[in-house]
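Next up, model.pdb (PDB, C-alpha atoms, pLDDT in the B column):
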ATOM      1  CA  PRO B   8      28.989 -18.916 -19.318  1.00 45.00           C
ATOM      2  CA  ILE B   9      31.718 -17.899 -16.888  1.00 44.00           C
ATOM      3  CA  LYS B  10      32.303 -20.446 -14.125  1.00 49.00           C
ATOM      4  CA  SER B  11      35.093 -19.114 -11.903  1.00 50.00           C
ATOM      5  CA  SER B  12      34.425 -16.339  -9.426  1.00 58.00           C
ATOM      6  CA  ALA B  13      37.568 -14.417 -10.467  1.00 55.00           C
ATOM      7  CA  ALA B  14      36.434 -14.395 -14.084  1.00 53.00           C
ATOM      8  CA  SER B  15      32.929 -13.400 -12.965  1.00 60.00           C
ATOM      9  CA  ASP B  16      34.316 -10.429 -11.001  1.00 61.00           C
ATOM     10  CA  VAL B  17      36.232  -9.252 -14.087  1.00 58.00           C
ATOM     11  CA  TYR B  18      33.052  -9.569 -16.142  1.00 59.00           C
ATOM     12  CA  LYS B  19      31.056  -7.499 -13.617  1.00 60.00           C
ATOM     13  CA  ARG B  20      33.679  -4.746 -13.586  1.00 65.00           C
ATOM     14  CA  GLN B  21      33.666  -4.621 -17.372  1.00 73.00           C
ATOM     15  CA  VAL B  22      29.883  -4.244 -17.503  1.00 70.00           C
ATOM     16  CA  GLY B  23      29.778  -1.312 -15.063  1.00 70.00           C
ATOM     17  CA  GLY B  24      26.790   0.996 -15.498  1.00 73.00           C
ATOM     18  CA  LYS B  25      25.244  -1.225 -18.154  1.00 77.00           C
ATOM     19  CA  VAL B  26      24.472  -3.922 -15.581  1.00 73.00           C
ATOM     20  CA  THR B  27      20.730  -3.205 -15.933  1.00 74.00           C
ATOM     21  CA  GLU B  28      20.945  -4.378 -19.525  1.00 77.00           C
ATOM     22  CA  CYS B  29      22.166  -7.826 -18.411  1.00 77.00           C
ATOM     23  CA  LEU B  30      18.712  -9.243 -17.870  1.00 77.00           C
ATOM     24  CA  ARG B  31      19.891 -12.844 -18.089  1.00 80.00           C
ATOM     25  CA  GLU B  32      21.993 -12.446 -14.938  1.00 80.00           C
ATOM     26  CA  GLU B  33      20.181 -13.989 -11.969  1.00 84.00           C
ATOM     27  CA  SER B  34      20.885 -11.090  -9.587  1.00 83.00           C
ATOM     28  CA  VAL B  35      19.682  -8.511 -12.132  1.00 84.00           C
ATOM     29  CA  MET B  36      16.493 -10.523 -12.718  1.00 88.00           C
ATOM     30  CA  GLN B  37      15.838 -10.651  -8.971  1.00 90.00           C
ATOM     31  CA  ILE B  38      16.277  -6.888  -8.606  1.00 89.00           C
ATOM     32  CA  PHE B  39      13.878  -6.218 -11.472  1.00 90.00           C
ATOM     33  CA  GLU B  40      11.336  -8.668 -10.002  1.00 92.00           C
ATOM     34  CA  LEU B  41      11.506  -6.987  -6.581  1.00 92.00           C
ATOM     35  CA  SER B  42      11.132  -3.586  -8.206  1.00 91.00           C
ATOM     36  CA  ARG B  43       8.059  -4.768 -10.110  1.00 93.00           C
ATOM     37  CA  GLN B  44       6.475  -6.249  -6.968  1.00 93.00           C
ATOM     38  CA  VAL B  45       6.997  -3.075  -4.930  1.00 93.00           C
ATOM     39  CA  SER B  46       5.705  -0.890  -7.754  1.00 93.00           C
ATOM     40  CA  ASN B  47       2.557  -3.009  -8.146  1.00 91.00           C
ATOM     41  CA  GLU B  48       1.890  -3.052  -4.421  1.00 91.00           C
ATOM     42  CA  ARG B  49       2.328   0.717  -4.191  1.00 93.00           C
ATOM     43  CA  HIS B  50      -0.133   1.144  -7.053  1.00 91.00           C
ATOM     44  CA  PHE B  51      -2.714  -1.169  -5.448  1.00 88.00           C
ATOM     45  CA  PHE B  52      -2.544   0.584  -2.080  1.00 88.00           C
ATOM     46  CA  ARG B  53      -2.997   3.976  -3.715  1.00 91.00           C
ATOM     47  CA  GLU B  54      -6.316   2.592  -4.974  1.00 87.00           C
ATOM     48  CA  PHE B  55      -7.399   0.408  -2.062  1.00 84.00           C
ATOM     49  CA  LEU B  56      -6.340   2.441   0.980  1.00 89.00           C
ATOM     50  CA  ARG B  57      -9.310   3.725   3.006  1.00 85.00           C
ATOM     51  CA  PHE B  58      -9.159   6.523   5.562  1.00 87.00           C
ATOM     52  CA  THR B  59     -11.316   6.715   8.681  1.00 84.00           C
ATOM     53  CA  ARG B  60     -11.822   9.933  10.586  1.00 84.00           C
ATOM     54  CA  ILE B  61     -11.018   9.831  14.297  1.00 82.00           C
ATOM     55  CA  ASP B  62     -12.232  12.364  16.887  1.00 73.00           C
ATOM     56  CA  PRO B  63      -9.926  15.376  16.551  1.00 78.00           C
ATOM     57  CA  GLY B  64     -10.351  15.446  12.771  1.00 83.00           C
ATOM     58  CA  ILE B  65      -7.441  13.213  11.821  1.00 87.00           C
ATOM     59  CA  TYR B  66      -7.798  10.718   9.003  1.00 89.00           C
ATOM     60  CA  VAL B  67      -6.202   7.327   9.698  1.00 89.00           C
ATOM     61  CA  ALA B  68      -5.625   4.492   7.240  1.00 90.00           C
ATOM     62  CA  HIS B  69      -4.335   1.031   8.117  1.00 90.00           C
ATOM     63  CA  MET B  70      -2.487  -1.265   5.754  1.00 91.00           C
ATOM     64  CA  GLU B  71      -0.574  -4.539   5.891  1.00 90.00           C
ATOM     65  CA  PRO B  72       1.614  -4.623   2.774  1.00 91.00           C
ATOM     66  CA  LYS B  73       4.007  -7.416   1.904  1.00 91.00           C
ATOM     67  CA  GLY B  74       6.740  -4.882   1.100  1.00 90.00           C
ATOM     68  CA  ASN B  75       7.683  -1.731   2.987  1.00 92.00           C
ATOM     69  CA  VAL B  76       5.712   0.684   0.759  1.00 93.00           C
ATOM     70  CA  VAL B  77       4.147   3.025   3.309  1.00 94.00           C
ATOM     71  CA  ALA B  78       6.437   5.950   2.436  1.00 93.00           C
ATOM     72  CA  LEU B  79       5.883   5.405  -1.298  1.00 94.00           C
ATOM     73  CA  VAL B  80       2.111   5.485  -0.829  1.00 94.00           C
ATOM     74  CA  ALA B  81       2.384   8.592   1.353  1.00 95.00           C
ATOM     75  CA  GLU B  82       3.806  10.631  -1.536  1.00 93.00           C
ATOM     76  CA  HIS B  83       0.551  10.139  -3.434  1.00 93.00           C
ATOM     77  CA  PHE B  84      -1.690  11.250  -0.562  1.00 94.00           C
ATOM     78  CA  ALA B  85       0.532  14.184   0.410  1.00 94.00           C
ATOM     79  CA  ASP B  86      -0.096  15.540  -3.068  1.00 94.00           C
ATOM     80  CA  ARG B  87      -3.869  14.851  -2.962  1.00 93.00           C
ATOM     81  CA  MET B  88      -4.597  15.885   0.638  1.00 93.00           C
ATOM     82  CA  PRO B  89      -2.111  18.643   1.528  1.00 94.00           C
ATOM     83  CA  SER B  90      -4.427  20.572   3.884  1.00 94.00           C
ATOM     84  CA  GLU B  91      -5.574  17.574   5.945  1.00 94.00           C
ATOM     85  CA  ASP B  92      -4.140  15.886   9.026  1.00 94.00           C
ATOM     86  CA  TRP B  93      -3.705  12.204   8.197  1.00 94.00           C
ATOM     87  CA  MET B  94      -1.756   9.078   9.069  1.00 94.00           C
ATOM     88  CA  ILE B  95      -1.032   5.896   7.175  1.00 95.00           C
ATOM     89  CA  ILE B  96      -0.142   3.037   9.495  1.00 93.00           C
ATOM     90  CA  ASP B  97       1.676  -0.156   8.515  1.00 93.00           C
ATOM     91  CA  ASP B  98       0.255  -2.646  11.031  1.00 90.00           C
ATOM     92  CA  LYS B  99       2.859  -5.329  10.288  1.00 91.00           C
ATOM     93  CA  ARG B 100       5.913  -3.133  10.834  1.00 93.00           C
ATOM     94  CA  PHE B 101       4.501  -0.646  13.421  1.00 93.00           C
ATOM     95  CA  ILE B 102       5.520   2.214  11.131  1.00 94.00           C
ATOM     96  CA  ALA B 103       3.382   5.268  10.442  1.00 94.00           C
ATOM     97  CA  VAL B 104       3.537   8.188   8.084  1.00 96.00           C
ATOM     98  CA  VAL B 105       2.200  11.304   9.800  1.00 95.00           C
ATOM     99  CA  HIS B 106       1.086  14.292   7.745  1.00 96.00           C
ATOM    100  CA  PRO B 107       0.237  17.499   9.633  1.00 95.00           C
ATOM    101  CA  ALA B 108      -1.946  19.876   7.622  1.00 93.00           C
ATOM    102  CA  ASP B 109       0.018  22.074   5.191  1.00 93.00           C
ATOM    103  CA  GLN B 110       3.363  20.577   6.249  1.00 94.00           C
ATOM    104  CA  ASP B 111       5.685  17.816   5.081  1.00 95.00           C
ATOM    105  CA  TYR B 112       4.964  14.274   6.181  1.00 95.00           C
ATOM    106  CA  TYR B 113       7.371  12.235   8.272  1.00 95.00           C
ATOM    107  CA  LEU B 114       7.922   8.586   9.109  1.00 94.00           C
ATOM    108  CA  THR B 115       7.751   7.367  12.709  1.00 94.00           C
ATOM    109  CA  ILE B 116       7.822   4.094  14.610  1.00 94.00           C
ATOM    110  CA  LEU B 117       4.809   3.412  16.820  1.00 92.00           C
ATOM    111  CA  SER B 118       4.756   1.675  20.185  1.00 90.00           C
ATOM    112  CA  LYS B 119       2.292  -1.110  20.999  1.00 90.00           C
ATOM    113  CA  GLU B 120       0.181   1.314  23.086  1.00 89.00           C
ATOM    114  CA  GLU B 121      -0.007   3.821  20.225  1.00 88.00           C
ATOM    115  CA  MET B 122      -1.012   1.069  17.808  1.00 87.00           C
ATOM    116  CA  ASP B 123      -3.791  -0.080  20.145  1.00 84.00           C
ATOM    117  CA  ARG B 124      -5.069   3.475  20.570  1.00 82.00           C
ATOM    118  CA  LEU B 125      -5.096   4.113  16.817  1.00 80.00           C
ATOM    119  CA  SER B 126      -6.825   0.802  16.027  1.00 77.00           C
ATOM    120  CA  ILE B 127     -10.027   1.753  17.854  1.00 70.00           C
ATOM    121  CA  GLN B 128     -13.025   1.942  15.532  1.00 67.00           C
ATOM    122  CA  THR B 129     -14.978   5.194  15.501  1.00 67.00           C
ATOM    123  CA  ASP B 130     -18.463   6.151  14.375  1.00 70.00           C
ATOM    124  CA  ASP B 131     -17.670   7.833  11.087  1.00 70.00           C
ATOM    125  CA  PRO B 132     -20.867   8.590   9.120  1.00 74.00           C
ATOM    126  CA  PHE B 133     -18.970   8.260   5.842  1.00 74.00           C
ATOM    127  CA  ILE B 134     -18.374   4.551   6.541  1.00 76.00           C
ATOM    128  CA  ASP B 135     -22.098   3.820   6.257  1.00 78.00           C
ATOM    129  CA  LEU B 136     -22.392   6.019   3.163  1.00 81.00           C
ATOM    130  CA  TRP B 137     -19.487   4.192   1.497  1.00 76.00           C
ATOM    131  CA  LYS B 138     -20.948   0.770   2.324  1.00 79.00           C
ATOM    132  CA  ASP B 139     -24.362   1.807   0.979  1.00 83.00           C
ATOM    133  CA  PHE B 140     -22.767   3.119  -2.207  1.00 81.00           C
ATOM    134  CA  PHE B 141     -20.764  -0.087  -2.673  1.00 76.00           C
ATOM    135  CA  ASN B 142     -23.847  -2.288  -2.174  1.00 78.00           C
ATOM    136  CA  THR B 143     -26.116  -0.113  -4.327  1.00 85.00           C
ATOM    137  CA  ILE B 144     -23.809   0.334  -7.308  1.00 83.00           C
ATOM    138  CA  GLY B 145     -23.381  -3.404  -7.852  1.00 79.00           C
ATOM    139  CA  ILE B 146     -25.656  -5.371 -10.169  1.00 81.00           C
ATOM    140  CA  LYS B 147     -26.662  -8.582  -8.425  1.00 82.00           C
ATOM    141  CA  GLU B 148     -27.037 -10.572 -11.649  1.00 85.00           C
ATOM    142  CA  ARG B 149     -23.539  -9.602 -12.836  1.00 83.00           C
ATOM    143  CA  GLU B 150     -21.565 -10.418  -9.675  1.00 83.00           C
ATOM    144  CA  ASN B 151     -18.342 -12.256 -10.444  1.00 84.00           C
ATOM    145  CA  HIS B 152     -16.410 -12.970  -7.259  1.00 81.00           C
ATOM    146  CA  GLN B 153     -13.567 -14.751  -9.062  1.00 85.00           C
ATOM    147  CA  CYS B 154     -12.900 -11.724 -11.287  1.00 80.00           C
ATOM    148  CA  GLN B 155     -13.169  -9.444  -8.264  1.00 78.00           C
ATOM    149  CA  ARG B 156     -10.557 -11.533  -6.412  1.00 78.00           C
ATOM    150  CA  ASN B 157      -8.231 -11.354  -9.422  1.00 78.00           C
ATOM    151  CA  LEU B 158      -8.455  -7.562  -9.567  1.00 74.00           C
ATOM    152  CA  MET B 159      -8.407  -7.078  -5.783  1.00 74.00           C
ATOM    153  CA  PRO B 160      -6.874  -9.986  -3.829  1.00 72.00           C
ATOM    154  CA  LEU B 161      -8.426 -10.946  -0.504  1.00 73.00           C
ATOM    155  CA  TRP B 162      -5.486  -9.818   1.606  1.00 74.00           C
ATOM    156  CA  TYR B 163      -6.021  -6.181   0.498  1.00 70.00           C
ATOM    157  CA  ARG B 164      -9.587  -6.237   1.844  1.00 70.00           C
ATOM    158  CA  LYS B 165      -8.784  -6.571   5.542  1.00 76.00           C
ATOM    159  CA  HIS B 166      -8.824  -2.806   6.150  1.00 73.00           C
ATOM    160  CA  MET B 167     -11.234  -1.790   3.380  1.00 70.00           C
ATOM    161  CA  THR B 168     -14.433  -0.174   4.602  1.00 69.00           C
ATOM    162  CA  GLU B 169     -16.791  -1.822   2.132  1.00 66.00           C
ATOM    163  CA  PHE B 170     -15.713  -5.356   3.097  1.00 67.00           C
ATOM    164  CA  GLN B 171     -15.982  -5.001   6.877  1.00 69.00           C
TER     165      GLN B 171
END

Turn this file's structure into structure tokens for me.
Amino acid sequence: PIKSSAASDVYKRQVGGKVTECLREESVMQIFELSRQVSNERHFFREFLRFTRIDPGIYVAHMEPKGNVVALVAEHFADRMPSEDWMIIDDKRFIAVVHPADQDYYLTILSKEEMDRLSIQTDDPFIDLWKDFFNTIGIKERENHQCQRNLMPLWYRKHMTEFQ
């Protein structure tokens, strides 16, 4: 192991582009761990994000991720819902991705008033249908809440339709 900072700097310059192969280096391990966490969270929100339709025909989804993944999640939905008006709102950071129909999405910062206006619950008939489906599809005798929490942690459920 190299102890002095001068020797460490020489070592880092010698490694260059192969730094990602130095998995025993603490800083490289931390970068890989952060990358894994963000990738997992992006994947979970692609599965767990629920949209609600508000009056003018805009679909709105709220999320509270640990990492700043709202733009990464937006790529997925821009591909799946290109002809719809939708928004994905990060409630912790007051950031929203806005997607006008048949256009590119963009990132914007929301004010407190805009957040309050977009947090109002609406009477979407699909909410009741989704809740009925979720309750009907389950087999009462085979419920396993511990397994369900392992596959979908509690903090993801705050904005999920079927758990409200």

Report as a JSON list (two decimals) with C-alpha atoms, keeping the file's coordinate frame the residues that result from applying the PyMOL selection byres ((chain B and resi 133) around 12) to the structure here.
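Saved to out_3.json:
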[["chain", "number", "residue", "atom", "x", "y", "z"],
["B", 57, "ARG", "CA", -9.31, 3.72, 3.01],
["B", 58, "PHE", "CA", -9.16, 6.52, 5.56],
["B", 59, "THR", "CA", -11.32, 6.72, 8.68],
["B", 60, "ARG", "CA", -11.82, 9.93, 10.59],
["B", 61, "ILE", "CA", -11.02, 9.83, 14.30],
["B", 66, "TYR", "CA", -7.80, 10.72, 9.00],
["B", 129, "THR", "CA", -14.98, 5.19, 15.50],
["B", 130, "ASP", "CA", -18.46, 6.15, 14.38],
["B", 131, "ASP", "CA", -17.67, 7.83, 11.09],
["B", 132, "PRO", "CA", -20.87, 8.59, 9.12],
["B", 134, "ILE", "CA", -18.37, 4.55, 6.54],
["B", 135, "ASP", "CA", -22.10, 3.82, 6.26],
["B", 136, "LEU", "CA", -22.39, 6.02, 3.16],
["B", 137, "TRP", "CA", -19.49, 4.19, 1.50],
["B", 138, "LYS", "CA", -20.95, 0.77, 2.32],
["B", 139, "ASP", "CA", -24.36, 1.81, 0.98],
["B", 140, "PHE", "CA", -22.77, 3.12, -2.21],
["B", 168, "THR", "CA", -14.43, -0.17, 4.60],
["B", 169, "GLU", "CA", -16.79, -1.82, 2.13]]

Polymer residues at most 6 Å from Ala108 in chain B, only C-alpha atoms, same-chain spacing of 4 or more positions, as an MDAnalysis selection string: chainID B and resid 90:92

Atom-to-atom span, CA of Asp98 in chain B and CA of Asn142 in chain B, Å: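 About the pair CA of Asp98 in chain B and CA of Asn142 in chain B: they are 27.5 Å apart.
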
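CA of Pro72 in chain B is positioned 25.5 Å from CA of Glu33 in chain B.
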
Length of the CA of Ile102 in chain B to CA of Leu114 in chain B vector [Å]: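 Between these atoms lies a distance of 7.1 Å.
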
Selection result of the PyMOL selection byres ((chain B and resi 46-55) around 12) on this file, as a count of residues only: 45

Among the residues B:Asn151, B:Ser34, B:Ser126, B:Asn157, the one that comes closest to Val67 in chain B [using all atoms listed in the file]: B:Ser126

Could you rebuild range 93-104 of chain B with all heavy atoms and give it back as a compact mmCIF listing (two decimals), keeping the file's coordinate frame?
# COMPACT_ATOMS: atom_id res chain seq x y z
N TRP B 93 -3.46 13.61 8.44
CA TRP B 93 -3.70 12.20 8.20
C TRP B 93 -2.50 11.36 8.58
O TRP B 93 -1.39 11.85 8.71
CB TRP B 93 -4.12 11.92 6.76
CG TRP B 93 -3.25 12.45 5.68
CD1 TRP B 93 -3.43 13.60 4.97
CD2 TRP B 93 -2.04 11.86 5.15
NE1 TRP B 93 -2.44 13.74 4.04
CE2 TRP B 93 -1.57 12.69 4.13
CE3 TRP B 93 -1.33 10.70 5.42
CZ2 TRP B 93 -0.42 12.42 3.40
CZ3 TRP B 93 -0.18 10.42 4.70
CH2 TRP B 93 0.24 11.27 3.70
N MET B 94 -2.79 10.06 8.75
CA MET B 94 -1.76 9.08 9.07
C MET B 94 -2.01 7.83 8.24
O MET B 94 -3.16 7.43 8.06
CB MET B 94 -1.81 8.68 10.55
CG MET B 94 -1.48 9.75 11.53
SD MET B 94 -1.67 9.17 13.23
CE MET B 94 -0.34 8.01 13.35
N ILE B 95 -0.95 7.22 7.79
CA ILE B 95 -1.03 5.90 7.18
C ILE B 95 -0.19 4.98 8.04
O ILE B 95 1.00 5.24 8.25
CB ILE B 95 -0.52 5.91 5.73
CG1 ILE B 95 -1.34 6.87 4.87
CG2 ILE B 95 -0.58 4.49 5.15
CD1 ILE B 95 -0.82 7.04 3.47
N ILE B 96 -0.80 3.92 8.54
CA ILE B 96 -0.14 3.04 9.49
C ILE B 96 0.09 1.67 8.87
O ILE B 96 -0.85 1.05 8.36
CB ILE B 96 -0.99 2.90 10.77
CG1 ILE B 96 -1.19 4.28 11.40
CG2 ILE B 96 -0.34 1.93 11.74
CD1 ILE B 96 -2.18 4.30 12.53
N ASP B 97 1.32 1.20 8.93
CA ASP B 97 1.68 -0.16 8.52
C ASP B 97 1.57 -1.03 9.76
O ASP B 97 2.44 -0.99 10.63
CB ASP B 97 3.09 -0.17 7.94
CG ASP B 97 3.49 -1.52 7.38
OD1 ASP B 97 2.89 -2.54 7.78
OD2 ASP B 97 4.42 -1.56 6.56
N ASP B 98 0.52 -1.84 9.84
CA ASP B 98 0.26 -2.65 11.03
C ASP B 98 1.27 -3.77 11.22
O ASP B 98 1.48 -4.22 12.35
CB ASP B 98 -1.15 -3.24 10.97
CG ASP B 98 -2.23 -2.19 11.14
OD1 ASP B 98 -1.90 -1.06 11.56
OD2 ASP B 98 -3.41 -2.50 10.87
N LYS B 99 1.88 -4.25 10.17
CA LYS B 99 2.86 -5.33 10.29
C LYS B 99 4.19 -4.84 10.84
O LYS B 99 4.85 -5.55 11.59
CB LYS B 99 3.11 -5.98 8.92
CG LYS B 99 1.98 -6.85 8.45
CD LYS B 99 2.18 -7.30 7.02
CE LYS B 99 3.23 -8.37 6.91
NZ LYS B 99 3.33 -8.89 5.52
N ARG B 100 4.59 -3.64 10.48
CA ARG B 100 5.91 -3.13 10.83
C ARG B 100 5.88 -2.07 11.94
O ARG B 100 6.93 -1.60 12.35
CB ARG B 100 6.59 -2.55 9.59
CG ARG B 100 6.88 -3.61 8.55
CD ARG B 100 7.37 -3.00 7.25
NE ARG B 100 7.58 -4.04 6.27
CZ ARG B 100 6.62 -4.55 5.51
NH1 ARG B 100 5.39 -4.11 5.60
NH2 ARG B 100 6.89 -5.51 4.64
N PHE B 101 4.68 -1.68 12.39
CA PHE B 101 4.50 -0.65 13.42
C PHE B 101 5.14 0.67 12.99
O PHE B 101 5.76 1.37 13.77
CB PHE B 101 5.08 -1.09 14.76
CG PHE B 101 4.24 -2.11 15.48
CD1 PHE B 101 3.78 -3.25 14.84
CD2 PHE B 101 3.88 -1.92 16.80
CE1 PHE B 101 3.01 -4.18 15.48
CE2 PHE B 101 3.10 -2.85 17.46
CZ PHE B 101 2.66 -3.98 16.80
N ILE B 102 4.99 0.97 11.70
CA ILE B 102 5.52 2.21 11.13
C ILE B 102 4.33 3.07 10.70
O ILE B 102 3.33 2.54 10.21
CB ILE B 102 6.40 1.93 9.90
CG1 ILE B 102 7.62 1.11 10.31
CG2 ILE B 102 6.85 3.21 9.23
CD1 ILE B 102 8.45 0.66 9.13
N ALA B 103 4.44 4.36 10.87
CA ALA B 103 3.38 5.27 10.44
C ALA B 103 3.98 6.46 9.71
O ALA B 103 5.07 6.93 10.04
CB ALA B 103 2.57 5.75 11.64
N VAL B 104 3.23 6.93 8.73
CA VAL B 104 3.54 8.19 8.08
C VAL B 104 2.54 9.19 8.64
O VAL B 104 1.33 8.97 8.61
CB VAL B 104 3.40 8.10 6.55
CG1 VAL B 104 3.52 9.47 5.93
CG2 VAL B 104 4.44 7.18 5.99
